[in-house]
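**Student:** File name coords22.cif; file contents mmCIF, C-alpha atoms; full text below.
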```cif
data_query
#
loop_
_atom_site.label_atom_id
_atom_site.label_comp_id
_atom_site.auth_asym_id
_atom_site.auth_seq_id
_atom_site.Cartn_x
_atom_site.Cartn_y
_atom_site.Cartn_z
CA MET I 1 0.00 0.00 0.00
CA LYS I 2 2.86 2.37 0.89
CA SER I 3 4.61 1.65 -2.41
CA LYS I 4 1.42 2.56 -4.28
CA HIS I 5 1.11 5.84 -2.40
CA LYS I 6 4.77 6.51 -3.06
CA ALA I 7 4.43 5.75 -6.76
CA GLY I 8 1.30 7.92 -6.96
CA GLY I 9 3.06 10.79 -5.22
CA HIS I 10 6.03 10.51 -7.55
CA ALA I 11 3.70 10.47 -10.56
CA MET I 12 2.03 13.65 -9.31
CA THR I 13 5.42 15.28 -8.88
CA MET I 14 6.42 14.37 -12.43
CA VAL I 15 3.11 15.68 -13.84
CA VAL I 16 3.74 19.02 -12.16
CA LYS I 17 7.36 19.05 -13.32
CA ASN I 18 6.31 18.36 -16.93
CA ARG I 19 3.20 20.56 -16.74
CA LEU I 20 3.94 22.38 -19.99
CA SER I 21 4.00 19.15 -21.97
CA TYR I 22 0.90 17.85 -20.19
CA MET I 23 -0.93 21.16 -20.66
CA LEU I 24 -0.62 20.74 -24.43
CA LEU I 25 -1.90 17.17 -24.06
CA SER I 26 -4.72 18.39 -21.82
CA VAL I 27 -6.04 20.72 -24.49
CA THR I 28 -6.75 17.75 -26.74
CA ILE I 29 -8.26 15.67 -23.92
CA ILE I 30 -10.50 18.46 -22.61
CA LEU I 31 -11.76 19.48 -26.04
CA SER I 32 -12.43 15.87 -27.04
CA PHE I 33 -14.31 14.83 -23.90
CA THR I 34 -16.15 18.14 -23.70
CA PHE I 35 -17.37 17.70 -27.26
CA LEU I 36 -18.44 14.11 -26.54
CA LEU I 37 -20.33 14.99 -23.35
CA ALA I 38 -21.84 18.14 -24.88
CA PHE I 39 -23.17 16.02 -27.74
CA PHE I 40 -24.89 13.69 -25.25
CA VAL I 41 -26.31 16.54 -23.17
CA MET I 42 -27.55 18.52 -26.18
CA SER I 43 -29.22 15.55 -27.90
CA ASP I 44 -30.87 14.35 -24.67
CA SER I 45 -31.97 17.86 -23.66
CA THR I 46 -33.44 18.56 -27.10
CA LEU I 47 -35.56 15.41 -27.01
CA TYR I 48 -36.56 15.95 -23.39
CA ASN I 49 -37.68 19.55 -23.96
CA ARG I 50 -39.55 18.59 -27.10
CA TYR I 51 -41.63 15.99 -25.28
CA LYS I 52 -41.52 17.04 -21.62
CA GLU I 53 -45.03 18.48 -21.61
CA ILE I 54 -46.72 15.51 -23.22
CA MET I 55 -44.63 13.05 -21.16
CA SER I 56 -45.65 14.81 -17.93
CA VAL I 57 -49.32 14.12 -18.64
CA SER I 58 -50.79 10.95 -17.21
CA PRO I 59 -51.28 8.32 -19.96
CA ASN I 60 -54.55 7.34 -18.23
CA ILE I 61 -56.23 10.64 -19.17
CA ALA I 62 -58.25 11.52 -22.27
CA LEU I 63 -59.73 14.89 -23.23
CA LEU I 64 -62.82 14.84 -25.43
CA ASN I 65 -64.06 18.14 -26.79
CA SER I 66 -67.10 19.83 -28.29
CA VAL I 67 -65.68 19.73 -31.82
CA ALA I 68 -65.91 15.97 -31.56
CA PHE I 69 -69.34 16.08 -29.94
CA GLY I 70 -70.69 18.77 -32.28
CA TYR I 71 -72.54 20.30 -29.32
CA ASN I 72 -73.98 23.80 -29.31
CA SER I 73 -76.71 25.71 -27.45
CA ALA I 74 -79.36 24.55 -29.93
CA GLY I 75 -78.57 20.93 -29.24
CA ASP I 76 -77.93 18.02 -31.57
CA ASP I 77 -79.94 14.81 -31.18
CA VAL I 78 -77.45 12.57 -32.96
CA THR I 79 -74.51 13.90 -31.00
CA SER I 80 -76.44 13.72 -27.74
CA GLN I 81 -77.17 10.05 -28.40
CA ARG I 82 -73.50 9.33 -29.03
CA TYR I 83 -72.58 11.22 -25.89
CA GLN I 84 -75.13 9.25 -23.87
CA LEU I 85 -73.86 5.95 -25.27
CA LEU I 86 -70.33 6.89 -24.29
CA SER I 87 -71.40 7.87 -20.77
CA ASN I 88 -73.28 4.59 -20.35
CA GLU I 89 -70.21 2.58 -21.34
CA LEU I 90 -67.93 4.59 -19.06
CA ASP I 91 -70.29 3.96 -16.13
CA LYS I 92 -69.76 0.21 -16.60
CA MET I 93 -65.95 0.39 -16.44
CA GLU I 94 -64.10 -0.14 -13.18
CA ASP I 95 -61.64 2.54 -11.96
CA THR I 96 -62.95 4.93 -14.61
CA TYR I 97 -64.10 8.48 -13.89
CA TYR I 98 -65.25 11.30 -16.13
CA TYR I 99 -66.03 14.96 -15.66
CA GLN I 100 -67.98 17.23 -17.98
CA PHE I 101 -67.09 20.90 -18.26
CA TYR I 102 -68.25 23.69 -20.52
CA SER I 103 -66.86 26.97 -21.75
CA SER I 104 -67.99 30.23 -23.32
CA SER I 105 -66.10 33.15 -24.81
CA GLU I 106 -66.68 36.64 -23.43
CA THR I 107 -65.15 40.11 -23.78
CA LEU I 108 -64.14 42.03 -20.65
CA THR I 109 -65.55 45.36 -21.83
CA GLN I 110 -64.33 47.21 -18.74
CA TYR I 111 -60.80 46.83 -20.14
CA GLY I 112 -61.75 47.75 -23.73
CA ASP I 113 -62.96 45.52 -26.53
CA LYS I 114 -59.76 43.58 -27.16
CA LEU I 115 -59.47 41.54 -23.96
CA HIS I 116 -61.21 38.20 -24.41
CA VAL I 117 -61.57 35.46 -21.84
CA THR I 118 -62.66 31.86 -22.06
CA ILE I 119 -64.86 30.98 -19.08
CA TYR I 120 -64.72 27.32 -18.07
CA TYR I 121 -67.59 25.96 -15.98
CA VAL I 122 -66.21 22.99 -14.09
CA PRO I 123 -67.62 20.68 -11.39
CA ASN I 124 -66.27 21.08 -7.87
CA THR I 125 -65.41 17.37 -7.76
CA MET I 126 -62.87 17.92 -10.51
CA TRP I 127 -60.41 19.68 -8.18
CA ALA I 128 -59.91 16.65 -5.97
CA PHE I 129 -59.08 14.74 -9.12
CA PHE I 130 -56.54 17.31 -10.28
CA ASP I 131 -54.71 17.22 -6.98
CA ASN I 132 -53.00 14.04 -8.17
CA GLN I 133 -53.29 14.15 -11.97
CA LEU I 134 -52.21 16.42 -14.80
CA SER I 135 -54.38 17.47 -17.71
CA LEU I 136 -53.83 18.89 -21.16
CA ILE I 137 -55.71 22.06 -20.16
CA LEU I 138 -56.07 22.48 -16.43
CA LYS I 139 -52.92 22.94 -14.41
CA SER I 140 -52.22 22.91 -10.69
CA VAL I 141 -54.02 25.51 -8.59
CA LYS I 142 -52.26 28.04 -6.39
CA PRO I 143 -54.84 29.05 -3.76
CA LEU I 144 -54.63 32.66 -2.62
CA LYS I 145 -54.28 33.63 1.02
CA GLY I 146 -57.27 32.54 3.09
CA SER I 147 -59.05 30.96 0.12
CA GLY I 148 -59.85 27.56 -1.35
CA ALA I 149 -60.35 26.38 -4.91
CA LEU I 150 -63.96 27.03 -5.99
CA THR I 151 -65.58 26.25 -2.66
CA ALA I 152 -68.50 28.64 -3.35
CA PRO I 153 -70.53 29.73 -6.42
CA ASP I 154 -69.18 33.29 -6.27
CA GLN I 155 -65.54 32.19 -6.53
CA VAL I 156 -63.39 31.96 -9.66
CA LEU I 157 -59.87 30.98 -10.64
CA VAL I 158 -57.90 32.98 -13.20
CA ASP I 159 -54.71 32.34 -15.14
CA GLU I 160 -51.44 34.03 -14.23
CA ASN I 161 -51.53 36.62 -17.02
CA LEU I 162 -55.03 37.80 -16.15
CA TYR I 163 -54.21 37.84 -12.45
CA ARG I 164 -51.30 40.22 -13.04
CA LEU I 165 -53.53 42.48 -15.14
CA LEU I 166 -56.01 42.64 -12.27
CA GLY I 167 -53.22 43.92 -10.03
CA GLY I 168 -52.73 40.74 -8.02
CA ASP I 169 -49.67 40.60 -5.79
CA GLY I 170 -49.41 36.82 -5.57
CA GLU I 171 -51.17 36.37 -2.22
CA GLU I 172 -54.30 38.43 -1.68
CA SER I 173 -57.63 37.61 -3.34
CA LEU I 174 -59.41 40.26 -5.44
CA ASN I 175 -62.61 40.78 -7.40
CA LEU I 176 -63.35 40.18 -11.07
CA VAL I 177 -66.43 41.34 -12.98
CA LEU I 178 -67.59 38.99 -15.75
CA PRO I 179 -70.25 39.73 -18.41
CA ILE I 180 -72.57 36.74 -17.93
CA LYS I 181 -76.27 36.64 -18.80
CA THR I 182 -78.64 36.16 -15.88
CA ALA I 183 -81.29 33.45 -15.76
CA ASP I 184 -83.93 35.85 -17.11
CA GLY I 185 -81.87 36.49 -20.24
CA LYS I 186 -80.63 39.95 -19.34
CA ASP I 187 -76.99 40.99 -19.74
CA ALA I 188 -75.36 41.60 -16.40
CA LEU I 189 -71.90 42.27 -14.99
CA SER I 190 -71.52 39.71 -12.22
CA SER I 191 -68.85 40.09 -9.56
CA PHE I 192 -66.76 37.12 -8.47
CA LYS I 193 -63.99 36.68 -5.94
CA VAL I 194 -60.67 35.42 -7.32
CA THR I 195 -59.51 32.71 -4.92
CA GLY I 196 -56.80 30.94 -6.91
CA VAL I 197 -54.36 31.26 -9.79
CA MET I 198 -53.80 28.69 -12.52
CA GLU I 199 -50.85 28.28 -14.85
CA SER I 200 -51.58 30.15 -18.09
CA ILE I 201 -52.78 28.04 -20.99
CA SER I 202 -50.31 27.85 -23.87
CA GLY I 203 -50.97 30.65 -26.36
CA ASN I 204 -52.74 32.92 -23.88
CA SER I 205 -51.19 36.34 -23.33
CA VAL I 206 -52.38 39.72 -22.06
CA SER I 207 -50.74 43.09 -22.80
CA ILE I 208 -51.48 46.78 -22.37
CA GLU I 209 -52.02 48.82 -25.56
CA GLU I 210 -50.69 52.35 -26.14
CA ASP I 211 -54.10 53.82 -25.25
CA GLY I 212 -54.00 52.07 -21.87
CA THR I 213 -56.55 49.37 -22.68
CA ALA I 214 -55.84 45.67 -22.35
CA ALA I 215 -55.68 43.21 -25.22
CA GLY I 216 -55.17 39.49 -25.52
CA TYR I 217 -56.64 36.26 -24.19
CA GLY I 218 -57.14 34.96 -20.68
CA SER I 219 -58.90 32.09 -18.91
CA VAL I 220 -61.33 31.97 -15.99
CA TRP I 221 -62.66 28.91 -14.16
CA VAL I 222 -66.11 29.05 -12.54
CA SER I 223 -67.96 26.41 -10.55
CA GLN I 224 -70.80 24.68 -12.37
CA GLU I 225 -72.89 25.48 -9.32
CA ALA I 226 -72.60 29.14 -10.29
CA ALA I 227 -73.67 28.37 -13.87
CA LYS I 228 -77.14 27.39 -12.64
CA SER I 229 -77.82 31.08 -11.97
CA TYR I 230 -76.95 32.13 -15.51
CA ASP I 231 -78.05 31.41 -19.06
CA SER I 232 -74.78 31.38 -20.97
CA ASP I 233 -74.44 30.02 -24.49
CA TYR I 234 -71.72 27.41 -24.23
CA ALA I 235 -69.23 27.58 -27.07
CA ASN I 236 -67.67 24.26 -26.07
CA ARG I 237 -68.60 21.14 -24.20
CA ASN I 238 -65.81 18.89 -22.96
CA MET I 239 -65.28 15.69 -21.09
CA LEU I 240 -62.19 14.69 -19.15
CA VAL I 241 -61.85 10.93 -18.70
CA TYR I 242 -59.55 9.07 -16.34
CA SER I 243 -59.24 5.30 -16.47
CA GLN I 244 -56.63 3.20 -14.74
CA ASN I 245 -56.85 0.19 -17.05
CA ASN I 246 -59.30 0.94 -19.87
CA ILE I 247 -57.90 4.00 -21.67
CA ARG I 248 -57.10 2.08 -24.86
CA GLY I 249 -60.59 0.59 -24.94
CA ILE I 250 -62.07 4.07 -24.47
CA ASN I 251 -60.03 5.27 -27.43
CA ARG I 252 -61.48 2.49 -29.59
CA LEU I 253 -64.97 3.27 -28.29
CA THR I 254 -64.71 6.96 -29.18
CA ARG I 255 -63.56 6.05 -32.70
CA ASP I 256 -66.52 3.67 -33.11
CA LEU I 257 -68.85 6.49 -32.03
CA SER I 258 -67.09 8.99 -34.33
CA ILE I 259 -66.04 11.04 -31.31
CA GLY I 260 -62.60 12.56 -31.45
CA GLY I 261 -60.34 13.63 -28.63
CA ALA I 262 -56.82 13.84 -27.30
CA PHE I 263 -55.29 10.67 -25.86
CA PRO I 264 -51.83 11.52 -24.46
CA TYR I 265 -50.68 7.90 -24.44
CA THR I 266 -50.74 7.80 -28.27
CA GLU I 267 -48.44 10.83 -28.47
CA GLN I 268 -46.24 9.37 -25.74
CA GLU I 269 -45.83 6.14 -27.72
CA GLU I 270 -44.77 8.13 -30.78
CA ALA I 271 -42.31 10.05 -28.62
CA VAL I 272 -40.86 6.81 -27.25
CA LYS I 273 -40.36 5.50 -30.81
CA GLU I 274 -38.40 8.61 -31.76
CA ILE I 275 -36.36 8.46 -28.54
CA ARG I 276 -35.44 4.84 -29.30
CA SER I 277 -34.40 5.71 -32.85
CA GLN I 278 -32.28 8.51 -31.43
CA VAL I 279 -30.58 6.02 -29.11
CA PHE I 280 -29.30 4.08 -32.14
CA ILE I 281 -28.18 7.27 -33.91
CA LYS I 282 -26.52 8.43 -30.71
CA GLY I 283 -24.67 5.13 -30.40
CA VAL I 284 -23.33 5.32 -33.97
CA THR I 285 -22.29 8.95 -33.52
CA ALA I 286 -20.64 8.15 -30.20
CA LEU I 287 -18.69 5.31 -31.83
CA ILE I 288 -17.39 7.65 -34.54
CA LEU I 289 -16.43 10.26 -31.95
CA PHE I 290 -14.84 7.52 -29.87
CA LEU I 291 -12.58 6.46 -32.76
CA LEU I 292 -11.62 10.06 -33.56
CA LEU I 293 -10.93 10.69 -29.90
CA GLY I 294 -8.75 7.58 -29.77
CA VAL I 295 -6.64 8.77 -32.72
CA ASN I 296 -6.20 12.21 -31.16
CA LEU I 297 -5.24 10.77 -27.78
CA TYR I 298 -2.73 8.35 -29.31
CA SER I 299 -0.99 11.17 -31.18
CA SER I 300 -1.04 13.46 -28.16
CA PHE I 301 0.38 10.86 -25.77
CA LYS I 302 3.05 9.93 -28.29
CA ASN I 303 4.14 13.57 -28.59
CA ALA I 304 4.24 13.90 -24.80
CA LEU I 305 6.37 10.76 -24.57
CA ASN I 306 8.87 12.00 -27.17
CA GLU I 307 9.79 14.88 -24.84
CA ARG I 308 10.49 12.44 -21.99
CA ARG I 309 12.82 10.01 -23.78
CA PHE I 310 16.00 11.39 -22.26
CA GLU I 311 14.47 11.23 -18.77
CA ILE I 312 13.48 7.61 -19.35
CA GLY I 313 16.96 6.79 -20.64
CA VAL I 314 18.56 8.25 -17.53
CA LYS I 315 16.26 6.31 -15.20
CA ARG I 316 16.96 3.07 -17.04
CA ALA I 317 20.69 3.78 -16.97
CA ILE I 318 20.75 4.21 -13.19
CA GLY I 319 18.90 0.97 -12.60
CA ALA I 320 15.16 1.63 -12.85
CA GLY I 321 13.33 -1.49 -14.02
CA ARG I 322 10.72 -1.74 -16.74
CA ARG I 323 8.05 -2.35 -14.13
CA ASP I 324 8.91 0.86 -12.32
CA ILE I 325 8.80 2.86 -15.57
CA VAL I 326 5.45 1.31 -16.56
CA LYS I 327 3.94 2.01 -13.15
CA GLN I 328 5.11 5.64 -13.13
CA PHE I 329 3.81 6.48 -16.60
CA PHE I 330 0.55 4.58 -16.06
CA TYR I 331 -0.15 6.63 -12.94
CA GLU I 332 0.79 9.82 -14.77
CA GLY I 333 -1.57 8.97 -17.61
CA MET I 334 -4.43 8.18 -15.23
CA LEU I 335 -3.89 11.39 -13.25
CA VAL I 336 -3.86 13.55 -16.37
CA MET I 337 -6.87 11.79 -17.92
CA GLY I 338 -8.88 11.86 -14.69
CA ALA I 339 -8.23 15.55 -14.03
CA ASN I 340 -9.05 16.56 -17.59
CA ILE I 341 -12.26 14.52 -17.65
CA LEU I 342 -13.41 16.34 -14.51
CA VAL I 343 -12.57 19.65 -16.19
CA SER I 344 -14.52 18.56 -19.27
CA ILE I 345 -17.58 17.72 -17.14
CA ALA I 346 -17.41 21.08 -15.35
CA LEU I 347 -16.98 22.92 -18.66
CA THR I 348 -19.95 21.11 -20.23
CA VAL I 349 -22.18 21.82 -17.23
CA ASN I 350 -21.30 25.52 -17.35
CA MET I 351 -22.00 25.70 -21.09
CA ALA I 352 -25.35 23.98 -20.55
CA VAL I 353 -26.29 26.46 -17.82
CA ILE I 354 -25.29 29.39 -20.05
CA TYR I 355 -27.38 27.96 -22.91
CA LYS I 356 -30.32 27.55 -20.51
CA PHE I 357 -29.93 31.19 -19.43
CA ILE I 358 -29.83 32.39 -23.05
CA GLN I 359 -32.99 30.43 -23.86
CA ARG I 360 -34.75 32.01 -20.91
CA VAL I 361 -33.63 35.61 -21.47
CA ALA I 362 -33.61 35.77 -25.29
CA PHE I 363 -36.50 33.44 -26.17
CA ASN I 364 -38.48 33.16 -22.89
CA VAL I 365 -38.16 29.38 -23.04
CA GLN I 366 -37.84 27.28 -19.90
CA TRP I 367 -35.11 24.98 -21.16
CA THR I 368 -34.31 21.92 -19.06
CA VAL I 369 -30.80 20.47 -19.08
CA TYR I 370 -31.16 16.70 -19.21
CA LEU I 371 -28.91 13.66 -19.51
CA THR I 372 -30.28 10.12 -19.72
CA GLY I 373 -28.78 7.27 -17.74
CA TYR I 374 -27.91 5.60 -21.05
CA SER I 375 -25.85 8.61 -22.17
CA ALA I 376 -24.19 8.95 -18.77
CA ALA I 377 -23.23 5.26 -18.88
CA MET I 378 -21.85 5.61 -22.42
CA PHE I 379 -19.74 8.60 -21.42
CA ALA I 380 -18.51 6.82 -18.28
CA VAL I 381 -17.53 3.72 -20.28
CA CYS I 382 -15.74 5.84 -22.89
CA ALA I 383 -13.92 7.83 -20.22
CA PHE I 384 -12.86 4.73 -18.25
CA PHE I 385 -11.84 2.68 -21.27
CA LEU I 386 -9.85 5.49 -22.91
CA SER I 387 -8.19 6.47 -19.62
CA VAL I 388 -7.04 2.96 -18.79
CA SER I 389 -6.15 1.85 -22.32
CA PHE I 390 -4.15 4.95 -23.28
CA SER I 391 -2.43 5.10 -19.91
CA LEU I 392 -1.34 1.51 -20.50
CA ILE I 393 -0.23 2.32 -24.06
CA PHE I 394 1.61 5.37 -22.71
CA ALA I 395 3.28 3.22 -20.06
CA TYR I 396 4.19 0.44 -22.51
CA GLN I 397 5.70 2.84 -25.04
CA SER I 398 7.83 4.33 -22.30
CA THR I 399 9.65 0.99 -22.04
CA GLN I 400 10.47 0.94 -25.75
CA VAL I 401 12.93 3.83 -25.55
CA GLU I 402 16.41 3.02 -26.91
CA ILE I 403 18.49 4.12 -23.93
CA VAL I 404 21.97 4.42 -25.49
CA LYS I 405 20.68 6.18 -28.59
CA HIS I 406 18.92 8.95 -26.69
CA LEU I 407 21.70 9.41 -24.12
CA LYS I 408 24.22 9.91 -26.95
CA ALA I 409 21.83 12.33 -28.68
CA GLU I 410 21.81 14.47 -25.56
#
```
Can you give me the file's structure in the form of structure tokens?
**Tutor:**
Amino acid sequence: MKSKHKAGGHAMTMVVKNRLSYMLLSVTIILSFTFLLAFFVMSDSTLYNRYKEIMSVSPNIALLNSVAFGYNSAGDDVTSQRYQLLSNELDKMEDTYYYQFYSSSETLTQYGDKLHVTIYYVPNTMWAFFDNQLSLILKSVKPLKGSGALTAPDQVLVDENLYRLLGGDGEESLNLVLPIKTADGKDALSSFKVTGVMESISGNSVSIEEDGTAAGYGSVWVSQEAAKSYDSDYANRNMLVYSQNNIRGINRLTRDLSIGGAFPYTEQEEAVKEIRSQVFIKGVTALILFLLLGVNLYSSFKNALNERRFEIGVKRAIGAGRRDIVKQFFYEGMLVMGANILVSIALTVNMAVIYKFIQRVAFNVQWTVYLTGYSAAMFAVCAFFLSVSFSLIFAYQSTQVEIVKHLKAE
């Protein structure tokens, strides 16, 4: 054990003594491993960010919409029959739940005529469901101070953009006036209390025009209990379905009934296919980079060894054995490779963070840096194999020095 520590300490001393030569070698090592790891991180992050939203959705959820149902305020007998047939079949399935919700489009005239909101009328029971599941539309609720999520008919939830327009500070509840028709058919501005904030739906945005009025699109969620007091014309009718074991059968059923909808599991399966194809491409690319890296390392180690031939000749001349030479240069190679791989990892992480920052500041994109276990294992295998193999080659070549020839040359 002591001899190993002694040999390791001597190898460290020689690395420091020959730092100029090893610095030139390190440039090649750092650039090569940084490029390899950056390739893994960039390819994995690109795929992850492309599919992270759809992959975060439960595969047991389906969203059926009014376009599929063909529903409007006048009614549609054929569509209603299909809808009833679907409901009857869902009632027979175990561990299957469904929730109906409606929506209408209104203009918040108090802010001008360019601010439009979609009002969703949802059942109170839906919120318990969303505590543990994700949906394509509804996101997690952030209750405001002293409030709950739609616990009374006069309460509403709004998206983040609309909440900021209303002057919300992130904690206190406030009031919102909505233009909803009363039960007797008269137009009325009804006041609601904002008790929670939802994540903004993709595509929604609210801005202030030059004349001070607001423009854009927002979303509001109202309890279906409140809808009983009004006579709104629903622009959309939707159903959210959750089934633990029957989601594929429900998909077939909706197709048989000519009812369309979004089934996340189908998109997730397509995403998995692309990810698997990328694994093969990544493996081929990594192999090519591995071979190029091997050529560069061989040349770099050979150049570093050429500058140490006289030193090796002297050591052999004063009695150092081949085993001692091999051990010294193997340790030196492992120290240099290990240190430079750590530098490469740190450099790649910093570049990834900088890229993430640029995406956020320049493009307002929440980029996630991601590395799969498969890629991490490939990089680890490459790093270990190249470190050990080229350290051994480096050590072996150090024993092939022609002692007399190089001593005479000096």
**Student:** Identify, on the basis of only C-alpha atoms, every residue whose closest approach to Phe384 in chain I does not exceed 12 Å; exclude the query and any residue fewer than 4 positions from it along the same chain; express the result as a list in words.
**Tutor:** Phe33, Met334, Met337, Gly338, Ile341, Ala377, Met378, Phe379, Ala380, Val388, Ser389, Phe390 and Ser391 of chain I
**Student:** Between CA of Leu36 in chain I and CA of Leu292 in chain I, what is the spacing in Å?
**Tutor:** 10.6 Å
**Student:** With all atoms listed in the file as the atoms that count, which of I:Glu267, I:Asn364, I:Leu257, I:Leu162 lies nearest to Leu174 in chain I?
**Tutor:**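 Closest to Leu174 in chain I of all the choices is I:Leu162.
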**Student:** Using the chain letters and numbering of this document, enumerate as a list in words the residues selected by the PyMOL selection byres ((chain I and resi 39) around 10).
**Tutor:** Phe33, Thr34, Phe35, Leu36, Leu37, Ala38, Phe40, Val41, Met42, Ser43, Asp44, Ser45, Lys282, Thr285, Ala286, Leu289, Thr348 and Ser375 of chain I
**Student:** Would you compute the distance between CA of Asn161 in chain I and CA of Gly112 in chain I? Give it in Å to one decimal.
**Tutor:**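 Interatomic distance, CA of Asn161 in chain I to CA of Gly112 in chain I: 16.5 Å.
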**Student:** On this structure, the PyMOL selection byres ((chain I and resi 217) around 8) would catch which residues? List them as number ranges by chain, sorted by chain and number.
**Tutor:** I: 115-118, 204-206, 215-216, 218-219
**Student:** Calculate how many Å separate CA of Tyr121 in chain I from CA of Gln100 in chain I, rounding to one decimal.
**Tutor:**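 Distance between the two atoms: 9.0 Å.
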**Student:** Using all atoms listed in the file, determine which residues lie at most 8 Å from Lys356 in chain I, disregarding the query and same-chain residues fewer than 3 positions distant; provide the list as a VMD selection string.
**Tutor:** chain I and resid 352 to 353 359 to 360 366 to 369
**Student:** Can you turn the PyMOL selection byres ((chain I and resi 249) around 12) into a concrete residue list for this file, as a PyMOL selection string?
**Tutor:** chain I and resi 60+62+86+89-90+93+96+243-248+250-256+263
**Student:** Would you please work out which residue, of I:Ser277, I:Leu31, I:Ser58, I:Thr107, is nearest to Leu347 in chain I when using all atoms listed in the file?
**Tutor:**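 Closest to Leu347 in chain I of all the choices is I:Leu31.
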**Student:** Find the smallest box with edges along x, y and z containing every listed atom of range 322-326 of chain I, then add 8 Å on each side and report centre and edge lengths in Å to one decimal, as JSON.
**Tutor:**
```
{"center_x": 8.1, "center_y": 0.3, "center_z": -14.5, "size_x": 21.3, "size_y": 21.2, "size_z": 20.4}
```
**Student:** Pick the closest to Glu269 in chain I from I:Val349, I:Leu47, I:Ile54, I:Leu144: which is it, counting only C-alpha atoms?
**Tutor:**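 Looking at the shortest contact to Glu269 in chain I, the residue is I:Ile54.
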**Student:** For each of I:Leu293, I:Leu342, I:Ile354, I:Ile259, take the minimum atom-to-atom distance to Leu85 in chain I, counting all atoms listed in the file, then give the residue where this is smallest.
**Tutor:**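 Checking each candidate against Leu85 in chain I, we get I:Ile259 as the closest.
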